[in-house]
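Quick look at start.tsv (TSV, C-alpha atoms):
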```tsv
chain	number	residue	atom	x	y	z
B	22	MET	CA	301.87	16.19	64.14
B	23	LEU	CA	300.66	19.19	66.10
B	24	THR	CA	301.55	22.22	63.98
B	25	GLN	CA	299.73	25.03	65.74
B	26	LEU	CA	298.30	25.60	69.21
B	27	LYS	CA	296.21	28.50	70.48
B	28	VAL	CA	294.89	28.90	74.01
B	29	GLY	CA	292.53	31.41	75.56
B	30	GLN	CA	291.85	31.95	79.28
B	31	PHE	CA	293.82	28.81	80.08
B	32	ARG	CA	295.80	28.64	83.35
B	33	CYS	CA	298.18	31.64	83.31
B	34	PHE	CA	297.52	32.52	79.67
B	35	GLU	CA	294.95	35.11	78.65
B	36	LYS	CA	295.84	34.42	75.02
B	37	PHE	CA	298.80	32.57	73.55
B	38	GLN	CA	299.65	31.08	70.16
B	39	THR	CA	302.62	29.07	68.99
B	40	GLN	CA	303.73	26.65	66.29
B	41	PHE	CA	305.51	23.33	66.51
B	42	ASP	CA	307.78	21.44	64.12
B	43	PRO	CA	308.21	17.71	63.44
B	44	GLY	CA	310.71	16.02	65.71
B	45	ILE	CA	311.83	17.77	68.89
B	46	ASN	CA	310.36	21.01	70.20
B	47	LEU	CA	311.83	22.58	73.34
B	48	VAL	CA	309.78	24.91	75.55
B	49	VAL	CA	312.31	26.76	77.71
B	50	GLY	CA	311.76	29.14	80.61
B	51	PRO	CA	311.84	29.60	84.38
B	52	ASN	CA	309.28	28.02	86.64
B	53	ALA	CA	305.79	29.58	86.72
B	54	HIS	CA	306.03	30.83	83.11
B	55	GLY	CA	303.49	28.37	81.71
B	56	LYS	CA	305.67	25.60	80.26
B	57	THR	CA	303.64	22.77	81.77
B	58	SER	CA	300.40	24.60	80.96
B	59	LEU	CA	301.25	24.50	77.25
B	60	LEU	CA	301.76	20.74	77.40
B	61	GLU	CA	298.51	20.45	79.33
B	62	ALA	CA	296.70	22.49	76.67
B	63	ALA	CA	298.05	20.23	73.91
B	64	CYS	CA	296.83	17.17	75.81
B	65	LEU	CA	293.43	18.76	76.39
B	66	LEU	CA	293.12	19.66	72.71
B	67	LEU	CA	293.69	16.07	71.57
B	68	ARG	CA	292.18	14.03	74.43
B	69	LEU	CA	289.68	16.42	76.10
B	70	GLN	CA	291.30	15.80	79.47
B	71	THR	CA	294.42	16.72	81.35
B	72	PRO	CA	296.60	14.47	83.52
B	73	ARG	CA	296.94	17.23	86.12
B	74	THR	CA	293.33	17.45	87.30
B	75	ASN	CA	289.98	15.69	87.10
B	76	ARG	CA	288.08	18.98	86.91
B	77	LEU	CA	288.38	21.21	83.85
B	78	SER	CA	287.13	24.14	85.91
B	79	ASP	CA	290.57	24.06	87.59
B	80	VAL	CA	292.35	25.08	84.36
B	81	ILE	CA	290.16	28.08	83.51
B	82	ARG	CA	292.10	31.30	84.09
B	83	HIS	CA	291.18	32.89	87.40
B	84	GLY	CA	288.17	35.13	87.13
B	85	GLU	CA	287.15	33.94	83.66
B	86	ARG	CA	284.06	31.99	82.64
B	87	GLY	CA	285.50	29.52	80.12
B	88	LEU	CA	288.56	28.36	78.21
B	89	LEU	CA	289.42	27.68	74.59
B	90	VAL	CA	292.05	25.40	73.05
B	91	ASP	CA	292.45	25.45	69.28
B	92	GLY	CA	294.98	23.74	67.03
B	93	HIS	CA	295.89	21.86	63.88
B	94	PHE	CA	296.85	18.20	64.14
B	95	ASN	CA	297.60	15.96	61.14
B	96	GLY	CA	295.83	18.46	58.90
B	97	ALA	CA	292.64	18.59	60.99
B	98	HIS	CA	291.46	21.74	62.76
B	99	LEU	CA	290.43	20.96	66.35
B	100	GLN	CA	288.62	23.34	68.71
B	101	PHE	CA	287.40	22.80	72.25
B	102	TYR	CA	285.55	25.35	74.35
B	103	TYR	CA	284.63	24.62	77.95
B	104	SER	CA	282.72	26.49	80.63
B	105	ALA	CA	280.50	25.46	83.53
B	106	GLN	CA	277.48	26.12	81.30
B	107	ARG	CA	278.62	24.75	77.95
B	108	LYS	CA	281.04	22.47	76.14
B	109	LYS	CA	281.66	22.81	72.40
B	110	LEU	CA	283.72	20.56	70.13
B	111	ALA	CA	284.46	21.42	66.53
B	112	LEU	CA	286.30	19.39	63.91
B	113	ASP	CA	287.27	21.34	60.78
B	114	SER	CA	284.83	24.06	61.90
B	115	VAL	CA	281.92	21.58	62.13
B	116	GLU	CA	280.45	21.32	65.63
B	117	GLN	CA	280.46	17.73	66.91
B	118	ARG	CA	277.52	16.27	68.81
B	119	THR	CA	279.70	13.52	70.30
B	120	ALA	CA	283.42	13.23	70.97
B	121	SER	CA	284.01	9.92	69.17
B	122	GLU	CA	285.13	11.23	65.77
B	123	TYR	CA	287.07	14.10	67.34
B	124	LEU	CA	289.06	11.76	69.58
B	125	ARG	CA	290.11	9.54	66.67
B	126	ARG	CA	292.48	12.25	65.46
B	127	GLY	CA	295.39	12.00	67.87
B	128	ARG	CA	297.01	10.08	70.69
B	129	VAL	CA	299.16	11.41	73.54
B	130	VAL	CA	301.65	10.05	76.07
B	131	TRP	CA	302.58	12.34	78.96
B	132	PHE	CA	305.87	12.12	80.86
B	133	SER	CA	306.30	14.12	84.07
B	134	ASN	CA	308.35	14.32	87.26
B	135	SER	CA	305.14	13.66	89.15
B	136	ASP	CA	304.88	10.23	87.48
B	137	VAL	CA	306.43	8.71	90.61
B	138	GLU	CA	302.94	9.17	92.08
B	139	LEU	CA	302.06	6.04	90.10
B	140	ILE	CA	304.14	4.17	92.66
B	141	ARG	CA	303.75	6.25	95.81
B	142	ASP	CA	300.10	7.32	95.69
B	143	GLY	CA	296.83	5.40	95.87
B	144	ALA	CA	295.13	3.13	93.39
B	145	GLU	CA	293.15	5.99	91.80
B	146	VAL	CA	296.31	7.36	90.18
B	147	ARG	CA	297.16	3.99	88.63
B	148	ARG	CA	293.58	3.51	87.41
B	149	ARG	CA	293.74	6.90	85.70
B	150	PHE	CA	296.91	5.79	83.91
B	151	LEU	CA	295.21	2.62	82.70
B	152	ASP	CA	292.05	4.47	81.67
B	153	PHE	CA	293.98	7.15	79.74
B	154	ILE	CA	295.87	4.58	77.67
B	155	ALA	CA	292.97	2.13	77.28
B	156	ALA	CA	290.72	4.83	75.83
B	157	GLN	CA	293.35	5.56	73.16
B	158	VAL	CA	293.92	1.90	72.30
B	159	ASN	CA	290.24	0.98	72.36
B	160	PRO	CA	287.95	4.00	71.63
B	161	PRO	CA	284.72	2.32	72.96
B	162	TYR	CA	286.44	2.08	76.35
B	163	ARG	CA	285.74	5.77	77.01
B	164	LYS	CA	281.98	5.28	76.67
B	165	SER	CA	282.07	2.19	78.91
B	166	LEU	CA	283.94	4.18	81.54
B	167	ARG	CA	281.47	7.09	81.36
B	168	ASP	CA	278.50	4.69	81.55
B	169	TYR	CA	280.00	2.91	84.54
B	170	GLU	CA	280.76	6.17	86.37
B	171	LYS	CA	277.23	7.47	85.76
B	172	CYS	CA	275.62	4.28	87.15
B	173	LEU	CA	278.02	4.27	90.08
B	174	ARG	CA	277.14	7.85	91.05
B	175	SER	CA	273.41	7.08	90.92
B	176	ARG	CA	273.80	3.86	92.91
B	177	ASN	CA	275.92	5.56	95.57
B	178	LEU	CA	273.42	8.40	95.87
B	179	LEU	CA	270.63	5.91	96.60
B	180	LEU	CA	272.83	4.05	99.09
B	181	LYS	CA	273.21	7.25	101.11
B	182	ALA	CA	269.47	7.41	101.83
B	183	PRO	CA	268.54	6.91	105.53
B	184	VAL	CA	266.89	3.62	104.52
B	185	PRO	CA	268.33	2.31	101.24
B	186	ARG	CA	265.62	1.12	98.85
B	187	TRP	CA	267.23	-1.92	97.27
B	188	ARG	CA	264.66	-2.29	94.52
B	189	GLU	CA	265.69	1.12	93.17
B	190	ILE	CA	269.37	0.39	93.77
B	191	HIS	CA	269.18	-2.89	91.84
B	192	ALA	CA	267.79	-1.01	88.84
B	193	PHE	CA	271.32	0.29	88.27
B	194	ASP	CA	273.02	-3.07	88.74
B	195	GLU	CA	272.50	-4.40	85.21
B	196	PRO	CA	274.00	-1.39	83.35
B	197	LEU	CA	276.73	-1.12	86.00
B	198	ILE	CA	277.68	-4.77	85.50
B	199	ALA	CA	277.60	-4.52	81.70
B	200	ALA	CA	279.89	-1.50	81.62
B	201	GLY	CA	282.07	-2.80	84.46
B	202	GLU	CA	282.74	-6.14	82.77
B	203	GLN	CA	283.84	-4.30	79.63
B	204	LEU	CA	286.28	-2.23	81.69
B	205	ILE	CA	287.70	-5.29	83.45
B	206	SER	CA	288.17	-7.17	80.17
B	207	ALA	CA	289.80	-4.19	78.46
B	208	ARG	CA	292.16	-3.61	81.39
B	209	HIS	CA	293.22	-7.26	81.38
B	210	SER	CA	293.95	-7.02	77.63
B	211	LEU	CA	295.83	-3.76	78.07
B	212	LEU	CA	298.09	-5.20	80.78
B	213	THR	CA	298.79	-8.28	78.67
B	214	ALA	CA	299.96	-6.06	75.80
B	215	LEU	CA	301.75	-3.51	77.99
B	216	ARG	CA	303.73	-5.90	80.20
B	217	PRO	CA	306.39	-7.14	77.70
B	218	LEU	CA	306.85	-3.63	76.27
B	219	ALA	CA	307.38	-2.20	79.75
B	220	GLN	CA	309.81	-4.99	80.65
B	221	LEU	CA	311.84	-4.36	77.50
B	222	ALA	CA	311.92	-0.59	78.02
B	223	HIS	CA	312.88	-1.06	81.67
B	224	ALA	CA	315.70	-3.43	80.79
B	225	ASN	CA	317.07	-0.98	78.22
B	226	ILE	CA	317.00	1.98	80.61
B	227	SER	CA	318.18	0.20	83.76
B	228	GLY	CA	320.70	-2.12	82.11
B	229	ALA	CA	318.59	-5.13	83.16
B	230	ARG	CA	319.57	-4.67	86.81
B	231	GLU	CA	316.20	-5.86	88.11
B	232	LYS	CA	313.09	-7.29	86.49
B	233	LEU	CA	309.92	-5.23	86.24
B	234	ASP	CA	306.51	-6.88	86.43
B	235	LEU	CA	302.96	-5.55	86.25
B	236	GLU	CA	299.95	-7.24	87.81
B	237	TYR	CA	296.34	-6.23	87.34
B	238	LEU	CA	294.44	-6.52	90.63
B	239	PRO	CA	290.70	-6.54	89.95
B	240	ASN	CA	288.62	-5.66	93.00
B	241	ALA	CA	285.96	-8.25	92.11
B	242	SER	CA	287.47	-11.73	92.44
B	243	ALA	CA	284.19	-13.32	91.31
B	244	PRO	CA	282.05	-12.30	88.32
B	245	LEU	CA	280.92	-8.74	88.93
B	246	ALA	CA	277.25	-9.69	89.41
B	247	ALA	CA	278.18	-12.15	92.18
B	248	ALA	CA	280.61	-9.68	93.74
B	249	LEU	CA	277.94	-6.97	93.88
B	250	SER	CA	275.49	-9.35	95.50
B	251	ALA	CA	278.03	-10.51	98.09
B	252	ALA	CA	278.95	-6.90	98.90
B	253	ARG	CA	275.40	-5.89	99.84
B	254	PRO	CA	275.98	-5.96	103.65
B	255	GLU	CA	279.17	-3.90	103.28
B	256	ASP	CA	277.48	-1.49	100.86
B	257	THR	CA	274.69	-1.00	103.40
B	258	ARG	CA	277.15	-0.37	106.22
B	259	LEU	CA	279.41	2.04	104.32
B	260	ARG	CA	276.63	3.62	102.19
B	261	MET	CA	278.63	3.16	98.98
B	262	THR	CA	279.34	0.58	96.29
B	263	THR	CA	282.33	-1.42	97.51
B	264	ALA	CA	282.77	-3.93	94.65
B	265	GLY	CA	283.70	-3.14	91.08
B	266	PRO	CA	286.40	-1.81	88.76
B	267	HIS	CA	286.33	1.62	90.44
B	268	ARG	CA	288.43	-0.11	93.12
B	269	ASP	CA	290.83	-2.01	90.85
B	270	ASP	CA	294.57	-1.52	91.17
B	271	LEU	CA	297.78	-2.03	89.21
B	272	GLN	CA	300.62	-3.61	91.16
B	273	LEU	CA	304.14	-2.57	90.15
B	274	LEU	CA	306.93	-4.99	91.10
B	275	LEU	CA	310.72	-4.82	90.95
B	276	ALA	CA	312.54	-8.12	91.37
B	277	GLY	CA	309.31	-9.54	92.78
B	278	ALA	CA	308.93	-6.87	95.49
B	279	PRO	CA	306.55	-3.88	95.52
B	280	ALA	CA	308.13	-0.91	93.77
B	281	THR	CA	307.39	1.26	96.81
B	282	PHE	CA	310.52	-0.30	98.35
B	283	GLY	CA	312.69	0.79	95.42
B	284	SER	CA	315.13	3.69	95.45
B	285	GLU	CA	314.33	7.07	93.90
B	286	GLY	CA	316.27	6.13	90.76
B	287	GLN	CA	314.60	2.74	90.49
B	288	GLN	CA	311.15	4.27	90.82
B	289	ARG	CA	311.82	6.94	88.18
B	290	THR	CA	313.17	4.29	85.81
B	291	LEU	CA	310.05	2.17	86.32
B	292	VAL	CA	307.59	4.97	85.51
B	293	LEU	CA	309.62	5.99	82.46
B	294	ALA	CA	309.38	2.38	81.26
B	295	LEU	CA	305.60	2.48	81.71
B	296	ARG	CA	305.29	5.64	79.63
B	297	LEU	CA	307.60	4.30	76.93
B	298	ALA	CA	305.61	1.07	76.81
B	299	ALA	CA	302.41	3.08	76.35
B	300	ALA	CA	304.01	5.00	73.47
B	301	ARG	CA	305.16	1.78	71.78
B	302	LEU	CA	301.77	0.16	72.24
B	303	LEU	CA	299.91	3.11	70.72
B	304	GLU	CA	302.38	3.23	67.84
B	305	ALA	CA	301.92	-0.48	67.12
B	306	HIS	CA	298.14	-0.29	67.42
B	307	HIS	CA	297.57	2.79	65.25
B	308	GLY	CA	300.52	2.58	62.85
B	309	GLU	CA	301.91	5.96	63.93
B	310	PRO	CA	303.50	7.18	67.16
B	311	PRO	CA	301.59	9.34	69.64
B	312	LEU	CA	302.49	12.92	70.45
B	313	LEU	CA	305.02	12.80	73.31
B	314	LEU	CA	304.70	15.49	75.97
B	315	LEU	CA	307.71	15.48	78.32
B	316	ASP	CA	307.48	17.84	81.27
B	317	ASP	CA	310.92	18.76	82.63
B	318	ILE	CA	312.00	15.19	83.28
B	319	PHE	CA	315.54	15.13	81.87
B	320	GLY	CA	317.03	17.46	84.47
B	321	GLU	CA	316.07	14.99	87.22
B	322	LEU	CA	317.78	12.00	85.58
B	323	ASP	CA	321.41	10.98	85.84
B	324	LEU	CA	323.47	10.98	82.65
B	325	SER	CA	323.08	7.26	81.88
B	326	ARG	CA	319.29	7.24	82.33
B	327	ARG	CA	318.94	10.48	80.37
B	328	SER	CA	320.91	9.05	77.47
B	329	ALA	CA	319.00	5.76	77.60
B	330	LEU	CA	315.64	7.53	77.59
B	331	LEU	CA	316.59	9.68	74.59
B	332	GLN	CA	317.59	6.52	72.75
B	333	GLN	CA	314.33	4.74	73.64
B	334	LEU	CA	311.92	7.48	72.52
B	335	PRO	CA	310.23	6.58	69.21
B	336	LYS	CA	312.47	8.17	66.57
B	337	ASN	CA	309.68	9.43	64.33
B	338	ALA	CA	307.48	10.79	67.14
B	339	GLN	CA	306.89	14.49	67.60
B	340	GLN	CA	308.16	15.54	71.01
B	341	ILE	CA	307.39	18.66	73.01
B	342	ILE	CA	309.83	18.93	75.91
B	343	THR	CA	309.83	21.51	78.68
B	344	THR	CA	312.99	22.46	80.53
B	345	THR	CA	314.24	25.24	82.77
B	346	ARG	CA	317.82	25.02	81.51
B	347	ARG	CA	319.65	23.83	78.43
B	348	GLU	CA	322.97	22.57	79.86
B	349	TRP	CA	321.87	18.93	79.73
B	350	LEU	CA	321.01	19.08	76.03
B	351	PRO	CA	323.29	17.20	73.63
B	352	SER	CA	325.26	19.66	71.51
B	353	ASP	CA	324.09	18.01	68.28
B	354	LEU	CA	320.39	18.04	69.20
B	355	GLU	CA	318.24	19.54	66.46
B	356	ALA	CA	315.15	21.17	67.89
B	357	ARG	CA	312.77	24.08	67.55
B	358	VAL	CA	313.08	26.27	70.64
B	359	LEU	CA	310.27	28.30	72.22
B	360	ASP	CA	311.67	30.60	74.92
B	361	LEU	CA	308.82	31.73	77.17
B	362	GLU	CA	311.02	34.27	78.96
B	363	ASN	CA	312.13	35.91	75.71
B	364	PRO	CA	309.43	35.07	73.13
```
Translate the structure of the given file into structure tokens.
Amino acid sequence: MLTQLKVGQFRCFEKFQTQFDPGINLVVGPNAHGKTSLLEAACLLLRLQTPRTNRLSDVIRHGERGLLVDGHFNGAHLQFYYSAQRKKLALDSVEQRTASEYLRRGRVVWFSNSDVELIRDGAEVRRRFLDFIAAQVNPPYRKSLRDYEKCLRSRNLLLKAPVPRWREIHAFDEPLIAAGEQLISARHSLLTALRPLAQLAHANISGAREKLDLEYLPNASAPLAAALSAARPEDTRLRMTTAGPHRDDLQLLLAGAPATFGSEGQQRTLVLALRLAAARLLEAHHGEPPLLLLDDIFGELDLSRRSALLQQLPKNAQQIITTTRREWLPSDLEARVLDLENP
């Protein structure tokens, strides 16, 4: 449970501090008052990343040099400072040289209106979803991903030379393949575990109107070493690495057809099922539910889907929910309320 959160120089906040209770916490206020930023700060505190951007420099308050997120989760004191010059992690006031122990403390699942991008946008968005969950299920996954990305950047830099020197390029192939095969294996395992949970959640929310299916589409159809070798002419032509898990995709199907052909309601139901499946998987894997961050999603759902989603959320999970209005809330809902317009 997240009991306290402090932020400094984060998005619109110069300084802000609040507390959270077990169960449901509502963050209420008009748009542009920082509701989503508070959820983002909670995610950053626990996972050292935010689902809204790949660059932490984007979340530093305009004109400031660095940001701070600080909080207490399950009795542990977590602190993260970030600037262009320095990153600092502290666990119970002890600075951490690596993130591994820090990241063992908490898990997060993020729900947002923008989740429909999982269906409508490119493969990068779906890979980020897989990577975010895989790193929480399997902690070594994060290191494999960082190792792969580092080798990939170096390899691509060499490929951009006027005359690529393949002896130097091949020096990065072995570590790239080792890390890449770990990513591919972990993603296959994740999809195998996630698929039945997503299908069950989807059936419960949609009333089993259509069947959901998930298919992992690895870019490399052959072993990665063979795929890299076969891609050499294309790599030379395009001056980039064209084979590997950085080009994998997740196919989302409804009744056997791509979900891109589904209606607005069908698409929103599908992405909710994915997030619920991730929450159930993390709960089963770690023996406790993740922190659920729900960014203004209930107001966009019809009454039946809203009710079904509330019923499907893990009952013992802490939830932080943002909303601009309270009319949709059940009258018997017990929740701590943080009003950003009238603190």
- request: Using all atoms listed in the file, pick whichever of B:Ala356, B:Ala192, B:Ala199, B:Leu151 has the shortest atom-to-atom distance to Leu295 of chain B.
  value: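 Smallest distance to Leu295 of chain B is found for B:Leu151.
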Among listed residues B:Val158, B:Ser206, B:Phe34, B:Leu334, nearest Ala305 of chain B (using only C-alpha atoms):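 Ranked by minimum distance to Ala305 of chain B, first place goes to B:Val158.
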Per residue of segment 246-316 of chain B within 10 Å of segment 139-150 of chain B, what are the shortest atom pair and its distance in Å to one decimal, counting all atoms listed in the file, with rows by chain and residue number, as CSV?
```
residue,atom,partner,partner_atom,distance
B:Pro266,CA,B:Arg148,CA,9.0
B:His267,CA,B:Arg148,CA,8.1
B:Arg268,CA,B:Ala144,CA,7.4
B:Asp269,CA,B:Arg148,CA,7.1
B:Asp270,CA,B:Ala144,CA,5.2
B:Leu271,CA,B:Arg147,CA,6.1
B:Gln272,CA,B:Ile140,CA,8.7
B:Leu273,CA,B:Ile140,CA,7.2
B:Leu274,CA,B:Ile140,CA,9.7
B:Pro279,CA,B:Ile140,CA,8.9
B:Ala280,CA,B:Ile140,CA,6.6
B:Thr281,CA,B:Ile140,CA,6.0
B:Phe282,CA,B:Ile140,CA,9.6
B:Gly283,CA,B:Ile140,CA,9.6
B:Gln288,CA,B:Ile140,CA,7.2
B:Arg289,CA,B:Ile140,CA,9.3
B:Leu291,CA,B:Ile140,CA,8.9
B:Val292,CA,B:Leu139,CA,7.3
B:Leu295,CA,B:Phe150,CA,9.6
B:Arg296,CA,B:Phe150,CA,9.4
B:Ala299,CA,B:Phe150,CA,9.7
```
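One distance worth recording is that between atom CA of Ile341 of chain B and atom CA of Thr213 of chain B, which is 28.8 Å.
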message: Could you list, as a list in words, every residue within 9 Å of segment 321-330 of chain B, counting all atoms listed in the file and ignoring same-chain residues fewer than 4 positions away?
response: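 Those residues are Asn134, Ala222, Asn225, Ile226, Ser227, Gly286, Arg289, Thr290, Leu293, Ala294, Leu297, Asp317, Leu334 and Trp349 of chain B.
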Draw an axis-aligned box tight on the listed atoms of segment 118-133 of chain B, then pad every side by 8 Å and write out centre and edge lengths in Å to one decimal as AutoDock Vina command-line options.
```
--center_x 291.9 --center_y 12.9 --center_z 74.8 --size_x 44.8 --size_y 22.7 --size_z 34.6
```
Exercise: segment 262-264 of chain B partners within 8 Å, all atoms listed in the file, chain neighbours under 4 positions left out, as a list in words: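 Selected residues are Leu173, Arg176, Asn177, Leu180, Asn240, Ala241, Leu245, Ala248, Leu249, Ala252, Glu255, Asp256 and Arg268 of chain B.
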task: Just the residues within 9 Å of Ala111 of chain B, please, counting only C-alpha atoms, with nothing from its chain fewer than 3 positions along; format it as a VMD selection string.
output: chain B and resid 98 to 102 114 to 118 123
field: Which of B:Gly201, B:Leu23, B:Ile45, B:Gln287 sits closest to Ala229 of chain B [using all atoms listed in the file]
entry: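 Checking each of B:Gly201, B:Leu23, B:Ile45, B:Gln287 against Ala229 of chain B, counting all atoms listed in the file, the winner is B:Gln287.
Taking atom CA of Asp91 of chain B and atom CA of His54 of chain B as the two end points, the separation is 20.1 Å.
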message: Just to confirm, what's the straight-line distance from atom CA of Leu197 of chain B to atom CA of Met261 of chain B in Å (one decimal)?
response: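 Separating atom CA of Leu197 of chain B from atom CA of Met261 of chain B is a distance of 13.8 Å.
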